[in-house]
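Visitor: Quick one: this structure, given as structure tokens, is what I'll be asking you about.
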Amino acid sequence: MKVLVIGGGAREHALCRSLSLDPDVSALYCAPGNAGIAEVAELYPVDALDGAAVARLATELEAGLVVVGPEAPLVAGVADAVREAGIPCFGPSEEAAQLEGSKAFAKDVMAAANVPTARSYVCTTAEEIDTALDAFGAPYVVKDDGLAAGKGVVVTDDVDQARQHALACDRVVIEEFLDGPEVSLFAITDGVTVLPLQPAQDFKRALDNDEGPNTGGMGAYSPLPWADPKLVDEVMESVLQPTVDELRRRGTPFSGLLYAGLAITSRGVRVIEFNARFGDPETQVVLARLRTPLAGVLLHAANGTLEAQPSLVWRDDAAVTVVVASHNYPETPRTGDPIEGLDEVAAQDAPDAYVLHAGTRRDGDAIVSAGGRVLSVTATGSDLAHARERAYAAVSRIRLEGGQHRTDIAAKAAAGA
Ligand code: AMP
Ligand code: GLY
């Protein structure tokens, strides 16, 4: 099977790495890709938001499966354009991707499907905003209704800051604060059958001890030794299956990757958000642990035959990923800085630790930073402590001027806390 992956972040590098190891994949293409993906896939330039261009490329390459990685092309209807060209596509339709594209839509689906989530108000006027902020009190949770690359959410005790963020959005969701650890659980679905993956935890804040601004994610680990072993079954029953059923009932079936961002509160599991694609950086650790070849699973989802997919097989190993970000990420990341030490990681740490590129590009002989999150160092080990040690040993070999990373990814979980 020839597979074309759309996107160019560390998530797409993780997807391409897994697909490149799959014996059923005869050719692997990525568009637009990045400097690291170029080592496992043939790159093509494309405007990932242009459905016609993506469909044309997939047709030219005779792709038997297209995998759309990021949310922006999904919300722009790229998966629909590929399917209209007669090519199986892993990724939801424009309408179903509204589950991520509009927080208000997601809330409406959850209400209809009886899925537990934070109580919320959708506001468009200053008056509505003040009423909602008053109703919930501090800490305030204020979410831009549209796509914001993980940066549209403000959680603060400061009512003025909450109000200012709300007023800057066209439409805003203000909701109840959910206390408790966060879990990301991904499920692959064809719109009917739902196949959960293993849970992971992401670190959203820029700095150690969960301080600093929200980011797209600074690291992740899996499995979660502290979580209730029944968690996946419970979320399947209370969240994933009802959501997939509700979208089908509305005539907009969701096929692709359904990402549930969850809070484990004292009153039970609550959905913080849905995403319509693999999460970044959680994908790096989840796929590091998946033994089942990936292409067949994604193709079953794309073709509506997921029921025929045998159970997924997982490695016993734990996985940890640490994101290395640019100077000034997430505000105004500096780009164009050379990245050194990649060869050392390949020589000294592979295959237990490896670099997945996010914002990188080739500049002559050098590889330079080209985005906020630059790369993600992923490692496996017999347990989280071991995986963590390997990940940070590899991180220490990478040199990026002004680069930053968190030093506490998976630290608490590895220590059994
Ligand atoms: P989201 O983009 O909706 O995932 O929000 C980004 C981050 O903001 C989440 O990962 C949480 O850390 C935090 N957050 C979002 N909603 C809530 C909430 N209702 N209560 C507490 N924290 C939240
Ligand atoms: N890990 C957060 C996200 O992918 O949105």
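Starting from 1 in every chain, residues are counted up; chains themselves are A, B, ... following the order of the structure tokens, and ligands are numbered from 1 as listed.
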Could you list, as an mmCIF file with C-alpha atoms, in the first residue's frame, all protein and nucleic acid residues with an atom at most 6 Å from ligand 2, counting only C-alpha atoms and all ligand atoms?

Guide:
data_model
loop_
_atom_site.group_PDB
_atom_site.id
_atom_site.type_symbol
_atom_site.label_atom_id
_atom_site.label_comp_id
_atom_site.auth_asym_id
_atom_site.auth_seq_id
_atom_site.Cartn_x
_atom_site.Cartn_y
_atom_site.Cartn_z
ATOM 1 C CA GLY A 150 -3.753 25.022 22.051
ATOM 2 C CA ASP A 202 0.484 15.619 28.162
ATOM 3 C CA GLY A 216 0.700 23.009 22.283
ATOM 4 C CA GLY A 217 2.302 20.470 24.674
ATOM 5 C CA GLY A 279 -2.581 14.664 19.721
ATOM 6 C CA ASP A 280 0.897 16.077 19.727
ATOM 7 C CA PRO A 281 3.035 15.112 21.705
ATOM 8 C CA GLU A 282 0.949 12.169 23.038
#

Visitor: Show me a table, sorted first by chain and then by increasing residue number, of the residues of range 173-220 of chain A having an atom at most 12 Å from range 248-266 of chain A, each with its shortest atom pair and the distance in Å to one decimal, counting only C-alpha atoms and written as a tab-separated table.

Guide:
residue	atom	partner	partner_atom	distance
A:Phe177	CA	A:Ala263	CA	10.1
A:Leu178	CA	A:Ala263	CA	6.6
A:Asp179	CA	A:Thr265	CA	5.5
A:Gly180	CA	A:Thr265	CA	4.7
A:Pro181	CA	A:Ile264	CA	5.5
A:Glu182	CA	A:Ala263	CA	4.5
A:Val183	CA	A:Leu262	CA	5.1
A:Ser184	CA	A:Gly261	CA	4.7
A:Leu185	CA	A:Ala260	CA	5.3
A:Phe186	CA	A:Tyr259	CA	4.5
A:Ala187	CA	A:Leu258	CA	5.2
A:Ile188	CA	A:Leu257	CA	4.7
A:Thr189	CA	A:Ser255	CA	5.3
A:Asp190	CA	A:Ser255	CA	4.3
A:Gly191	CA	A:Ser255	CA	4.7
A:Val192	CA	A:Arg248	CA	7.6
A:Thr193	CA	A:Ser255	CA	9.4
A:Val194	CA	A:Leu258	CA	9.1
A:Leu195	CA	A:Leu257	CA	9.6
A:Pro196	CA	A:Leu258	CA	9.1
A:Leu197	CA	A:Tyr259	CA	9.9
A:Gln198	CA	A:Tyr259	CA	11.5
A:Pro199	CA	A:Ala260	CA	9.8
A:Ala200	CA	A:Gly261	CA	9.9
A:Gln201	CA	A:Gly261	CA	9.4
A:Asp202	CA	A:Gly261	CA	9.5
A:Lys204	CA	A:Gly261	CA	11.6

Visitor: Those residues you just picked out, can you put them in a file as an mmCIF file, in the first residue's frame with N, CA, C and O atoms?

Guide:
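Wrote it out as part_22.cif, contents follow:
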data_model
loop_
_atom_site.group_PDB
_atom_site.id
_atom_site.type_symbol
_atom_site.label_atom_id
_atom_site.label_comp_id
_atom_site.auth_asym_id
_atom_site.auth_seq_id
_atom_site.Cartn_x
_atom_site.Cartn_y
_atom_site.Cartn_z
ATOM 1 N N PHE A 177 -14.425 25.328 36.310
ATOM 2 C CA PHE A 177 -13.061 24.820 36.463
ATOM 3 C C PHE A 177 -13.100 23.355 36.885
ATOM 4 O O PHE A 177 -13.821 22.984 37.804
ATOM 5 N N LEU A 178 -12.340 22.523 36.181
ATOM 6 C CA LEU A 178 -12.272 21.105 36.521
ATOM 7 C C LEU A 178 -10.946 20.825 37.218
ATOM 8 O O LEU A 178 -9.885 21.118 36.685
ATOM 9 N N ASP A 179 -11.051 20.246 38.392
ATOM 10 C CA ASP A 179 -9.867 19.952 39.181
ATOM 11 C C ASP A 179 -9.498 18.497 38.949
ATOM 12 O O ASP A 179 -10.377 17.678 38.757
ATOM 13 N N GLY A 180 -8.221 18.181 39.013
ATOM 14 C CA GLY A 180 -7.830 16.770 38.895
ATOM 15 C C GLY A 180 -6.888 16.557 37.732
ATOM 16 O O GLY A 180 -6.799 17.398 36.834
ATOM 17 N N PRO A 181 -6.176 15.417 37.740
ATOM 18 C CA PRO A 181 -5.202 15.159 36.686
ATOM 19 C C PRO A 181 -5.857 15.020 35.313
ATOM 20 O O PRO A 181 -7.006 14.606 35.209
ATOM 21 N N GLU A 182 -5.078 15.383 34.290
ATOM 22 C CA GLU A 182 -5.576 15.285 32.915
ATOM 23 C C GLU A 182 -5.054 14.031 32.242
ATOM 24 O O GLU A 182 -3.917 13.618 32.468
ATOM 25 N N VAL A 183 -5.892 13.461 31.403
ATOM 26 C CA VAL A 183 -5.534 12.269 30.628
ATOM 27 C C VAL A 183 -5.976 12.500 29.191
ATOM 28 O O VAL A 183 -7.048 13.049 28.951
ATOM 29 N N SER A 184 -5.143 12.072 28.252
ATOM 30 C CA SER A 184 -5.559 12.083 26.849
ATOM 31 C C SER A 184 -5.824 10.651 26.426
ATOM 32 O O SER A 184 -4.948 9.798 26.568
ATOM 33 N N LEU A 185 -7.009 10.408 25.920
ATOM 34 C CA LEU A 185 -7.309 9.073 25.413
ATOM 35 C C LEU A 185 -7.746 9.194 23.954
ATOM 36 O O LEU A 185 -8.692 9.913 23.648
ATOM 37 N N PHE A 186 -7.037 8.490 23.086
ATOM 38 C CA PHE A 186 -7.341 8.514 21.649
ATOM 39 C C PHE A 186 -8.123 7.265 21.283
ATOM 40 O O PHE A 186 -7.866 6.193 21.819
ATOM 41 N N ALA A 187 -9.022 7.419 20.330
ATOM 42 C CA ALA A 187 -9.713 6.258 19.786
ATOM 43 C C ALA A 187 -9.746 6.379 18.274
ATOM 44 O O ALA A 187 -9.952 7.471 17.731
ATOM 45 N N ILE A 188 -9.530 5.250 17.614
ATOM 46 C CA ILE A 188 -9.665 5.193 16.165
ATOM 47 C C ILE A 188 -11.087 4.722 15.895
ATOM 48 O O ILE A 188 -11.569 3.778 16.532
ATOM 49 N N THR A 189 -11.760 5.405 14.970
ATOM 50 C CA THR A 189 -13.156 5.022 14.692
ATOM 51 C C THR A 189 -13.468 5.169 13.206
ATOM 52 O O THR A 189 -12.852 5.999 12.518
ATOM 53 N N ASP A 190 -14.392 4.354 12.740
ATOM 54 C CA ASP A 190 -14.871 4.487 11.359
ATOM 55 C C ASP A 190 -16.266 5.109 11.332
ATOM 56 O O ASP A 190 -16.946 5.085 10.320
ATOM 57 N N GLY A 191 -16.694 5.621 12.478
ATOM 58 C CA GLY A 191 -18.021 6.238 12.552
ATOM 59 C C GLY A 191 -19.024 5.343 13.256
ATOM 60 O O GLY A 191 -20.091 5.792 13.663
ATOM 61 N N VAL A 192 -18.658 4.064 13.398
ATOM 62 C CA VAL A 192 -19.538 3.097 14.077
ATOM 63 C C VAL A 192 -18.742 2.389 15.178
ATOM 64 O O VAL A 192 -19.043 2.491 16.357
ATOM 65 N N THR A 193 -17.709 1.661 14.747
ATOM 66 C CA THR A 193 -16.867 0.914 15.687
ATOM 67 C C THR A 193 -15.812 1.851 16.269
ATOM 68 O O THR A 193 -15.269 2.697 15.556
ATOM 69 N N VAL A 194 -15.536 1.692 17.570
ATOM 70 C CA VAL A 194 -14.564 2.564 18.243
ATOM 71 C C VAL A 194 -13.485 1.695 18.874
ATOM 72 O O VAL A 194 -13.789 0.771 19.623
ATOM 73 N N LEU A 195 -12.232 1.999 18.557
ATOM 74 C CA LEU A 195 -11.103 1.215 19.042
ATOM 75 C C LEU A 195 -10.195 2.132 19.864
ATOM 76 O O LEU A 195 -9.478 2.957 19.306
ATOM 77 N N PRO A 196 -10.239 1.996 21.206
ATOM 78 C CA PRO A 196 -9.430 2.917 21.999
ATOM 79 C C PRO A 196 -7.950 2.551 21.957
ATOM 80 O O PRO A 196 -7.597 1.381 21.866
ATOM 81 N N LEU A 197 -7.079 3.567 22.029
ATOM 82 C CA LEU A 197 -5.641 3.338 22.164
ATOM 83 C C LEU A 197 -5.308 3.407 23.654
ATOM 84 O O LEU A 197 -6.206 3.413 24.491
ATOM 85 N N GLN A 198 -4.036 3.445 23.987
ATOM 86 C CA GLN A 198 -3.640 3.510 25.400
ATOM 87 C C GLN A 198 -3.632 4.961 25.872
ATOM 88 O O GLN A 198 -3.229 5.850 25.120
ATOM 89 N N PRO A 199 -4.026 5.217 27.121
ATOM 90 C CA PRO A 199 -4.025 6.604 27.583
ATOM 91 C C PRO A 199 -2.613 7.168 27.752
ATOM 92 O O PRO A 199 -1.663 6.419 27.966
ATOM 93 N N ALA A 200 -2.524 8.484 27.647
ATOM 94 C CA ALA A 200 -1.246 9.184 27.823
ATOM 95 C C ALA A 200 -1.510 10.454 28.614
ATOM 96 O O ALA A 200 -2.668 10.859 28.773
ATOM 97 N N GLN A 201 -0.458 11.052 29.119
ATOM 98 C CA GLN A 201 -0.613 12.365 29.757
ATOM 99 C C GLN A 201 0.315 13.355 29.074
ATOM 100 O O GLN A 201 1.467 13.042 28.767
ATOM 101 N N ASP A 202 -0.227 14.530 28.842
ATOM 102 C CA ASP A 202 0.484 15.619 28.162
ATOM 103 C C ASP A 202 0.817 16.685 29.211
ATOM 104 O O ASP A 202 0.135 16.784 30.232
ATOM 105 N N LYS A 204 0.927 20.606 29.375
ATOM 106 C CA LYS A 204 0.528 21.743 28.528
ATOM 107 C C LYS A 204 1.283 23.024 28.837
ATOM 108 O O LYS A 204 1.468 23.870 27.972
#

Visitor: Could you check which of A:Asn114, A:Thr59, A:Thr380, A:Thr292 is closest to Leu19 in chain A, using only C-alpha atoms?

Guide: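 Of A:Asn114, A:Thr59, A:Thr380, A:Thr292, the one nearest Leu19 in chain A, counting only C-alpha atoms, is A:Thr292.
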
Visitor: So which residues touch Glu176 in chain A within 7 Å, counting only C-alpha atoms, skipping near sequence neighbours fewer than 4 positions away, as an MDAnalysis selection string?

Guide: chainID A and resid 118:120 136 141

Visitor: Tell me, which residues of range 232-409 of chain A carry DSSP alpha helix (DSSP H), written as a ChimeraX atom specification?

Guide: /A:232-235,241-249,282-289,294-303,342-348,384-395

Visitor: Give the answer as one residue: which of A:Pro229, A:Gly86, A:Gly101, A:Gly341 has the shortest atom-to-atom distance to Arg399 in chain A, using only C-alpha atoms?

Guide: A:Gly341

Visitor: For atom 4 (O, counted along the ligand's line) of ligand 1 and CA of Trp314 in chain A, determine how far apart the two atoms are, in Å to one decimal place.

Guide: 26.3 Å

Visitor: Just the number, please: distance in Å from CA of Ala410 in chain A to CA of Tyr221 in chain A, one decimal.

Guide: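 The value is 6.1 Å.
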
Visitor: Restricting the calculation to only C-alpha atoms, which member of A:Leu65, A:Ala394, A:Ala220, A:Ala358 is positioned closest to Pro32 in chain A?

Guide: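 Of all the options, A:Ala358 lies closest to Pro32 in chain A.
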
Visitor: Could you tell me how far CA of Glu273 in chain A lies from CA of Asp47 in chain A, in Å and to one decimal?

Guide: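 Between CA of Glu273 in chain A and CA of Asp47 in chain A the gap works out to 27.3 Å.
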
Visitor: Could you list, as a compact mmCIF listing (two decimals) with N, CA, C and O atoms, in the first residue's frame, every residue within 12 Å of Pro213 in chain A, counting only C-alpha atoms and ignoring same-chain residues fewer than 4 positions away?

Guide:
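Dumped to part.txt:
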# COMPACT_ATOMS: atom_id res chain seq x y z
N GLY A 150 -4.02 25.27 20.63
CA GLY A 150 -3.75 25.02 22.05
C GLY A 150 -3.50 26.29 22.85
O GLY A 150 -3.19 26.23 24.03
N LYS A 151 -3.65 27.45 22.20
CA LYS A 151 -3.31 28.68 22.91
C LYS A 151 -4.52 29.59 23.14
O LYS A 151 -4.38 30.72 23.56
N GLY A 152 -5.71 29.11 22.84
CA GLY A 152 -6.89 29.94 22.97
C GLY A 152 -7.57 29.85 24.33
O GLY A 152 -8.61 30.46 24.54
N VAL A 153 -6.96 29.08 25.24
CA VAL A 153 -7.59 28.85 26.53
C VAL A 153 -6.83 29.59 27.62
O VAL A 153 -5.61 29.49 27.71
N VAL A 154 -7.56 30.36 28.43
CA VAL A 154 -6.93 31.03 29.57
C VAL A 154 -7.59 30.51 30.84
O VAL A 154 -8.82 30.48 30.94
N VAL A 155 -6.77 30.04 31.77
CA VAL A 155 -7.25 29.61 33.08
C VAL A 155 -6.59 30.54 34.09
O VAL A 155 -5.36 30.59 34.16
N THR A 156 -7.37 31.32 34.82
CA THR A 156 -6.76 32.33 35.70
C THR A 156 -7.66 32.66 36.89
O THR A 156 -8.88 32.51 36.81
N PHE A 203 1.83 17.48 28.96
CA PHE A 203 2.20 18.60 29.85
C PHE A 203 2.00 19.88 29.05
O PHE A 203 2.80 20.20 28.19
N LYS A 204 0.93 20.61 29.37
CA LYS A 204 0.53 21.74 28.53
C LYS A 204 1.28 23.02 28.84
O LYS A 204 1.47 23.87 27.97
N ARG A 205 1.70 23.20 30.09
CA ARG A 205 2.33 24.47 30.46
C ARG A 205 3.79 24.50 30.01
O ARG A 205 4.45 23.47 29.97
N ALA A 206 4.28 25.71 29.77
CA ALA A 206 5.63 25.87 29.20
C ALA A 206 6.73 25.48 30.19
O ALA A 206 7.78 25.00 29.78
N LEU A 207 6.50 25.70 31.50
CA LEU A 207 7.60 25.58 32.47
C LEU A 207 7.38 24.45 33.45
O LEU A 207 6.25 23.98 33.64
N ASP A 208 8.49 24.04 34.10
CA ASP A 208 8.42 22.99 35.12
C ASP A 208 7.36 23.32 36.18
O ASP A 208 7.05 24.49 36.41
N ASN A 209 6.86 22.28 36.82
CA ASN A 209 5.82 22.40 37.85
C ASN A 209 4.53 23.01 37.32
O ASN A 209 3.80 23.68 38.06
N GLY A 217 1.91 21.70 23.98
CA GLY A 217 2.30 20.47 24.67
C GLY A 217 3.82 20.37 24.73
O GLY A 217 4.48 20.50 23.71
N MET A 218 4.37 20.15 25.92
CA MET A 218 5.83 20.16 26.12
C MET A 218 6.40 18.77 26.40
O MET A 218 7.60 18.63 26.62
N ASN A 328 11.76 31.77 23.24
CA ASN A 328 10.54 32.60 23.24
C ASN A 328 9.25 31.87 22.89
O ASN A 328 8.23 32.51 22.68
N TYR A 329 9.28 30.53 22.78
CA TYR A 329 8.02 29.79 22.60
C TYR A 329 7.27 29.85 23.92
O TYR A 329 7.90 29.74 24.97
N PRO A 330 5.96 30.02 24.00
CA PRO A 330 5.03 30.07 22.87
C PRO A 330 4.73 31.47 22.34
O PRO A 330 3.96 31.58 21.38
N GLU A 331 5.29 32.53 22.92
CA GLU A 331 4.88 33.88 22.51
C GLU A 331 5.30 34.19 21.07
O GLU A 331 4.48 34.20 20.16

Visitor: So which one's closest to Trp226 in chain A, A:Gly371, A:Pro70, A:Gly336, A:Gly416? Using only C-alpha atoms, please.

Guide: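 Among the listed residues, A:Gly416 lies closest to Trp226 in chain A.
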
Visitor: For each of A:Val323, A:Met110, A:Ala38, A:Ala391, take the minimum atom-to-atom distance to Pro242 in chain A, counting only C-alpha atoms, then give the residue where this is smallest.

Guide: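 Smallest separation from Pro242 in chain A among the options: A:Met110.
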
Visitor: Near Gly64 in chain A, within 9 Å and counting only C-alpha atoms, which residues show up once chain neighbours fewer than 3 positions away are dropped, as a list in words?

Guide: Met1, Lys2, Val3, Leu4, Ala58, Leu61, Ile87, Pro88, Cys89 and Leu299 of chain A

Visitor: Could you write those residues out with all heavy atoms, as a short mmCIF file (atom, residue, chain, number, x, y, z; two decimals), in the first residue's frame?

Guide:
data_model
loop_
_atom_site.label_atom_id
_atom_site.label_comp_id
_atom_site.auth_asym_id
_atom_site.auth_seq_id
_atom_site.Cartn_x
_atom_site.Cartn_y
_atom_site.Cartn_z
N MET A 1 0.84 -1.20 0.00
CA MET A 1 0.00 0.00 0.00
C MET A 1 0.88 1.25 0.00
O MET A 1 1.86 1.33 0.72
CB MET A 1 -0.85 -0.03 1.29
CG MET A 1 -1.77 1.12 1.46
SD MET A 1 -2.59 1.21 3.09
CE MET A 1 -2.32 -0.37 3.85
N LYS A 2 0.48 2.23 -0.84
CA LYS A 2 1.19 3.52 -0.85
C LYS A 2 0.44 4.49 0.05
O LYS A 2 -0.78 4.65 -0.11
CB LYS A 2 1.24 4.07 -2.27
CG LYS A 2 2.04 3.20 -3.23
CD LYS A 2 2.04 3.82 -4.61
CE LYS A 2 2.88 2.98 -5.55
NZ LYS A 2 2.91 3.54 -6.89
N VAL A 3 1.15 5.12 0.96
CA VAL A 3 0.49 5.98 1.95
C VAL A 3 1.04 7.41 1.84
O VAL A 3 2.26 7.61 1.77
CB VAL A 3 0.70 5.45 3.38
CG1 VAL A 3 -0.04 6.31 4.40
CG2 VAL A 3 0.24 3.99 3.50
N LEU A 4 0.13 8.38 1.85
CA LEU A 4 0.50 9.80 1.86
C LEU A 4 0.03 10.42 3.17
O LEU A 4 -1.16 10.35 3.50
CB LEU A 4 -0.17 10.53 0.67
CG LEU A 4 -0.11 12.06 0.68
CD1 LEU A 4 1.33 12.58 0.62
CD2 LEU A 4 -0.91 12.63 -0.49
N ALA A 58 -2.42 13.16 -4.16
CA ALA A 58 -2.69 11.77 -3.78
C ALA A 58 -3.00 10.94 -5.03
O ALA A 58 -2.57 9.78 -5.14
CB ALA A 58 -3.87 11.72 -2.81
N LEU A 61 0.23 10.31 -7.00
CA LEU A 61 1.10 9.34 -6.32
C LEU A 61 0.47 7.96 -6.25
O LEU A 61 1.08 7.02 -5.76
CB LEU A 61 1.42 9.83 -4.89
CG LEU A 61 2.26 11.11 -4.79
CD1 LEU A 61 2.32 11.60 -3.34
CD2 LEU A 61 3.67 10.87 -5.32
N ILE A 87 -10.21 8.22 -3.02
CA ILE A 87 -9.07 7.65 -2.28
C ILE A 87 -9.43 7.53 -0.80
O ILE A 87 -9.91 8.50 -0.20
CB ILE A 87 -7.83 8.56 -2.46
CG1 ILE A 87 -7.48 8.64 -3.96
CG2 ILE A 87 -6.64 8.03 -1.65
CD1 ILE A 87 -6.45 9.68 -4.29
N PRO A 88 -9.21 6.36 -0.20
CA PRO A 88 -9.50 6.21 1.23
C PRO A 88 -8.70 7.22 2.05
O PRO A 88 -7.51 7.43 1.78
CB PRO A 88 -9.04 4.78 1.56
CG PRO A 88 -9.00 4.06 0.25
CD PRO A 88 -8.69 5.10 -0.79
N CYS A 89 -9.37 7.85 3.01
CA CYS A 89 -8.71 8.90 3.78
C CYS A 89 -8.97 8.69 5.26
O CYS A 89 -10.12 8.50 5.68
CB CYS A 89 -9.24 10.26 3.34
SG CYS A 89 -8.35 11.62 4.14
N LEU A 299 -6.41 2.11 7.61
CA LEU A 299 -7.18 1.82 6.39
C LEU A 299 -8.56 1.26 6.73
O LEU A 299 -9.56 1.63 6.10
CB LEU A 299 -6.40 0.83 5.51
CG LEU A 299 -7.04 0.57 4.13
CD1 LEU A 299 -7.07 1.84 3.29
CD2 LEU A 299 -6.28 -0.54 3.38
#

Visitor: With only C-alpha atoms and all ligand atoms as the basis for distance, which of A:Ile272, A:Ile398, A:Leu384, A:Val313 is at the shortest distance from ligand 1?

Guide: A:Ile272

Visitor: Please identify the strand (DSSP E or B) residues within range 24-205 of chain A (assignment by DSSP from backbone atoms) and present them as an MDAnalysis selection string.

Guide: chainID A and resid 27:32 42:43 65:68 89:90 117 120:123 140:144 153:156 172:175 182:189 194:196 200:202 205
